[in-house]
Amino acid sequence: MSDQENQMYYAANPTAKHDEHIIDYQINKIDLKFTTDAGVFSKMRVDYGSGVLIKQMAEVDFPSSNILDVGAGYGPIGLFAAKFWPEQTVDLVDVNERGLNLAVQNAEVNGITNVNIYKSDVYDEVPSERKFGLIVTNPPIRAGKKVVSSILAGAKDHLVEDGVLLVVIQKKQGEPSARKLLKETFGNCTILIRDKGYYVLQAVNS
């Protein structure tokens, strides 16, 4: 990986000089604080697409089981899921160790305990016996189509029956091909919302 790529959010150990920020973010009257840093995705603010996904996932019905956030970064999607459903356990996974350390810190600061936060390259370290009722992802587009496709297609093996996958993706960054892949993999794909070029796609493991 080049020096430039080692500064990116999809690197395992970003080399970018530390530059921490604190973000306050509120959805559905839940106010969470996030510490961010250079070398993680969307360090200055919660990404607009992540916000669209967080709002949409609060309205989705899914089987009562575990929840998985793939590509969690510093944790906004997964930690909001943990607050929305305190009776569920939410796994947050990423390859970026700086992001994961921040996610652990952010969970502690916000008093969130119903989470497992650990390093995994897509699903590699997710226990095969552990199944989820909901998988959410704002996939790392800059990591390349192969990585994004592995997140989307691989979700099927980790969902319970009738489990739900939610993906947020911009049309210009591959939404049409993502929708096609989900239809091929799951036999279904629904556009739940369009917002400023961002699409939230839902696939059900039926």
# chains A, B, ... in the order shown; residues from 1 in each chain; ligands from 1

$ closest_atom_pairs --of "range 38-74 of chain A" --to "range 116-119 of chain A" --cutoff "10 Å" --atoms "only C-alpha atoms" --output "JSON lines"
{"residue": "A:Leu68", "atom": "CA", "partner": "A:Asn116", "partner_atom": "CA", "distance": 9.3}
{"residue": "A:Asp69", "atom": "CA", "partner": "A:Ile117", "partner_atom": "CA", "distance": 9.6}
{"residue": "A:Gly71", "atom": "CA", "partner": "A:Lys119", "partner_atom": "CA", "distance": 9.7}
{"residue": "A:Ala72", "atom": "CA", "partner": "A:Ile117", "partner_atom": "CA", "distance": 9.0}

$ closest_atom_pairs --of "range 104-162 of chain A" --to "range 174-183 of chain A" --cutoff "12 Å" --atoms "only C-alpha atoms" --output "tab-separated table"
residue	atom	partner	partner_atom	distance
A:Asn138	CA	A:Glu175	CA	11.8
A:Pro139	CA	A:Ala178	CA	10.6
A:Pro140	CA	A:Gly174	CA	11.6
A:Ile141	CA	A:Gly174	CA	8.6
A:Arg142	CA	A:Gly174	CA	11.3
A:Gly144	CA	A:Gly174	CA	10.6
A:Lys145	CA	A:Gly174	CA	8.5
A:Lys146	CA	A:Ala178	CA	11.4
A:Val147	CA	A:Ala178	CA	11.9
A:Val148	CA	A:Ala178	CA	8.5
A:Ser149	CA	A:Ala178	CA	7.4
A:Ser150	CA	A:Leu181	CA	10.2
A:Ile151	CA	A:Ala178	CA	10.5
A:Leu152	CA	A:Leu182	CA	6.9
A:Ala153	CA	A:Leu182	CA	6.8
A:Gly154	CA	A:Leu182	CA	10.3
A:Ala155	CA	A:Leu182	CA	9.8
A:Lys156	CA	A:Leu182	CA	9.5

$ write_last_selection --atoms "all heavy atoms" --output "compact mmCIF listing (two decimals), in the first residue's frame"
# COMPACT_ATOMS: atom_id res chain seq x y z
N ASN A 138 -22.34 1.58 5.42
CA ASN A 138 -22.01 2.66 4.49
C ASN A 138 -20.67 2.22 3.90
O ASN A 138 -19.63 2.51 4.46
CB ASN A 138 -21.90 3.99 5.22
CG ASN A 138 -21.63 5.16 4.29
OD1 ASN A 138 -21.36 4.98 3.10
ND2 ASN A 138 -21.68 6.37 4.82
N PRO A 139 -20.70 1.47 2.80
CA PRO A 139 -19.49 0.76 2.36
C PRO A 139 -18.37 1.69 1.93
O PRO A 139 -18.62 2.81 1.46
CB PRO A 139 -20.00 -0.09 1.19
CG PRO A 139 -21.20 0.63 0.68
CD PRO A 139 -21.83 1.25 1.89
N PRO A 140 -17.12 1.24 2.11
CA PRO A 140 -15.95 2.08 1.79
C PRO A 140 -15.70 2.14 0.30
O PRO A 140 -14.91 1.35 -0.26
CB PRO A 140 -14.81 1.36 2.53
CG PRO A 140 -15.23 -0.08 2.52
CD PRO A 140 -16.73 -0.07 2.66
N ILE A 141 -16.35 3.07 -0.37
CA ILE A 141 -16.30 3.15 -1.83
C ILE A 141 -14.85 3.24 -2.34
O ILE A 141 -14.48 2.59 -3.32
CB ILE A 141 -17.11 4.36 -2.33
CG1 ILE A 141 -18.59 4.24 -1.90
CG2 ILE A 141 -17.00 4.48 -3.84
CD1 ILE A 141 -19.30 3.00 -2.41
N ARG A 142 -14.02 4.02 -1.66
CA ARG A 142 -12.66 4.22 -2.14
C ARG A 142 -11.79 2.98 -2.01
O ARG A 142 -10.70 2.91 -2.59
CB ARG A 142 -12.01 5.39 -1.41
CG ARG A 142 -12.63 6.74 -1.75
CD ARG A 142 -11.80 7.87 -1.20
NE ARG A 142 -12.41 9.16 -1.44
CZ ARG A 142 -11.88 10.32 -1.08
NH1 ARG A 142 -10.70 10.34 -0.46
NH2 ARG A 142 -12.49 11.46 -1.32
N GLY A 144 -12.59 0.25 -3.24
CA GLY A 144 -12.74 -0.45 -4.51
C GLY A 144 -13.99 -1.31 -4.59
O GLY A 144 -14.55 -1.73 -3.56
N LYS A 145 -14.39 -1.59 -5.82
CA LYS A 145 -15.63 -2.32 -6.06
C LYS A 145 -15.59 -3.73 -5.48
O LYS A 145 -16.59 -4.25 -5.00
CB LYS A 145 -15.91 -2.38 -7.56
CG LYS A 145 -17.27 -2.99 -7.91
CD LYS A 145 -17.56 -2.88 -9.40
CE LYS A 145 -18.94 -3.47 -9.71
NZ LYS A 145 -19.27 -3.35 -11.15
N LYS A 146 -14.41 -4.37 -5.52
CA LYS A 146 -14.30 -5.74 -5.00
C LYS A 146 -14.66 -5.80 -3.53
O LYS A 146 -15.39 -6.70 -3.09
CB LYS A 146 -12.88 -6.26 -5.22
CG LYS A 146 -12.69 -7.70 -4.76
CD LYS A 146 -11.27 -8.17 -5.04
CE LYS A 146 -11.06 -9.60 -4.55
NZ LYS A 146 -9.67 -10.07 -4.79
N VAL A 147 -14.17 -4.83 -2.75
CA VAL A 147 -14.47 -4.79 -1.32
C VAL A 147 -15.95 -4.51 -1.08
O VAL A 147 -16.61 -5.19 -0.29
CB VAL A 147 -13.61 -3.73 -0.60
CG1 VAL A 147 -14.06 -3.56 0.85
CG2 VAL A 147 -12.14 -4.10 -0.66
N VAL A 148 -16.48 -3.53 -1.80
CA VAL A 148 -17.90 -3.19 -1.64
C VAL A 148 -18.77 -4.39 -1.99
O VAL A 148 -19.71 -4.74 -1.26
CB VAL A 148 -18.26 -1.97 -2.51
CG1 VAL A 148 -19.77 -1.71 -2.45
CG2 VAL A 148 -17.49 -0.73 -2.04
N SER A 149 -18.46 -5.05 -3.10
CA SER A 149 -19.26 -6.22 -3.52
C SER A 149 -19.18 -7.34 -2.50
O SER A 149 -20.18 -8.04 -2.25
CB SER A 149 -18.77 -6.72 -4.89
OG SER A 149 -19.01 -5.74 -5.89
N SER A 150 -18.02 -7.53 -1.88
CA SER A 150 -17.89 -8.59 -0.88
C SER A 150 -18.72 -8.29 0.36
O SER A 150 -19.24 -9.22 1.00
CB SER A 150 -16.41 -8.80 -0.52
OG SER A 150 -15.88 -7.69 0.17
N ILE A 151 -18.85 -7.01 0.70
CA ILE A 151 -19.70 -6.64 1.84
C ILE A 151 -21.16 -6.94 1.52
O ILE A 151 -21.88 -7.55 2.33
CB ILE A 151 -19.53 -5.15 2.18
CG1 ILE A 151 -18.12 -4.88 2.74
CG2 ILE A 151 -20.59 -4.70 3.19
CD1 ILE A 151 -17.81 -3.41 2.95
N LEU A 152 -21.60 -6.55 0.33
CA LEU A 152 -23.00 -6.72 -0.03
C LEU A 152 -23.38 -8.18 -0.21
O LEU A 152 -24.35 -8.66 0.38
CB LEU A 152 -23.31 -5.93 -1.31
CG LEU A 152 -22.99 -4.42 -1.30
CD1 LEU A 152 -23.58 -3.76 -2.53
CD2 LEU A 152 -23.49 -3.76 -0.04
N ALA A 153 -22.62 -8.89 -1.03
CA ALA A 153 -22.95 -10.29 -1.32
C ALA A 153 -22.72 -11.18 -0.10
O ALA A 153 -23.48 -12.12 0.16
CB ALA A 153 -22.14 -10.79 -2.51
N GLY A 154 -21.67 -10.87 0.67
CA GLY A 154 -21.34 -11.70 1.83
C GLY A 154 -22.32 -11.60 2.97
O GLY A 154 -22.37 -12.47 3.84
N ALA A 155 -23.14 -10.55 2.98
CA ALA A 155 -24.09 -10.36 4.07
C ALA A 155 -25.07 -11.53 4.17
O ALA A 155 -25.50 -11.89 5.28
CB ALA A 155 -24.85 -9.05 3.88
N LYS A 156 -25.41 -12.12 3.05
CA LYS A 156 -26.43 -13.18 3.05
C LYS A 156 -26.07 -14.33 3.98
O LYS A 156 -26.92 -14.89 4.67
CB LYS A 156 -26.66 -13.70 1.63
CG LYS A 156 -27.81 -14.70 1.51
CD LYS A 156 -28.12 -15.02 0.07
CE LYS A 156 -29.21 -16.08 -0.03
NZ LYS A 156 -30.50 -15.61 0.52

$ residues_around --residues "Ile112 in chain A" --least-positions-apart "5" --cutoff "8 Å" --atoms "only C-alpha atoms" --output "tab-separated table (two decimals) with C-alpha atoms, in the first residue's frame"
chain	number	residue	atom	x	y	z
A	79	LEU	CA	-23.62	3.22	18.15
A	82	ALA	CA	-27.12	0.28	20.00
A	83	LYS	CA	-29.07	3.24	21.42
A	107	ALA	CA	-19.10	3.87	23.15

$ select_by_dssp --residues "range 3-187 of chain A" --states "helix (DSSP H, G or I)" --output "ChimeraX atom specification"
/A:5-7,48-57,76-84,97-109,141-143,145-158,171-173,175-186

$ closest_residue --among "A:Val126, A:Leu159, A:Val95, A:Ile77" --to "Tyr48 in chain A" --atoms "only C-alpha atoms"
A:Ile77

$ select_by_dssp --residues "chain A" --states "strand (DSSP E or B)" --output "ChimeraX atom specification"
/A:21-27,30-36,66-70,90-94,115-119,132-137,159-170,190-195,198-204

$ atom_distance --atom1 "CA of Pro127 in chain A" --atom2 "CA of Asn114 in chain A"
17.4 Å

$ closest_residue --among "A:Ala103, A:Val164, A:Val46, A:Ile193" --to "Gly78 in chain A" --atoms "only C-alpha atoms"
A:Ala103

$ atom_distance --atom1 "CA of Ser64 in chain A" --atom2 "CA of Gly133 in chain A"
6.1 Å

$ closest_atom_pairs --of "range 98-127 of chain A" --to "range 16-30 of chain A" --cutoff "12 Å" --atoms "only C-alpha atoms" --output "tab-separated table"
residue	atom	partner	partner_atom	distance
A:Arg98	CA	A:His18	CA	9.8
A:Gly99	CA	A:Glu20	CA	11.5
A:Leu102	CA	A:Glu20	CA	10.0
A:Gln105	CA	A:Ile22	CA	11.8
A:Asn106	CA	A:Ile22	CA	10.0
A:Val109	CA	A:Ile22	CA	11.4
A:Asn110	CA	A:Ile30	CA	10.5
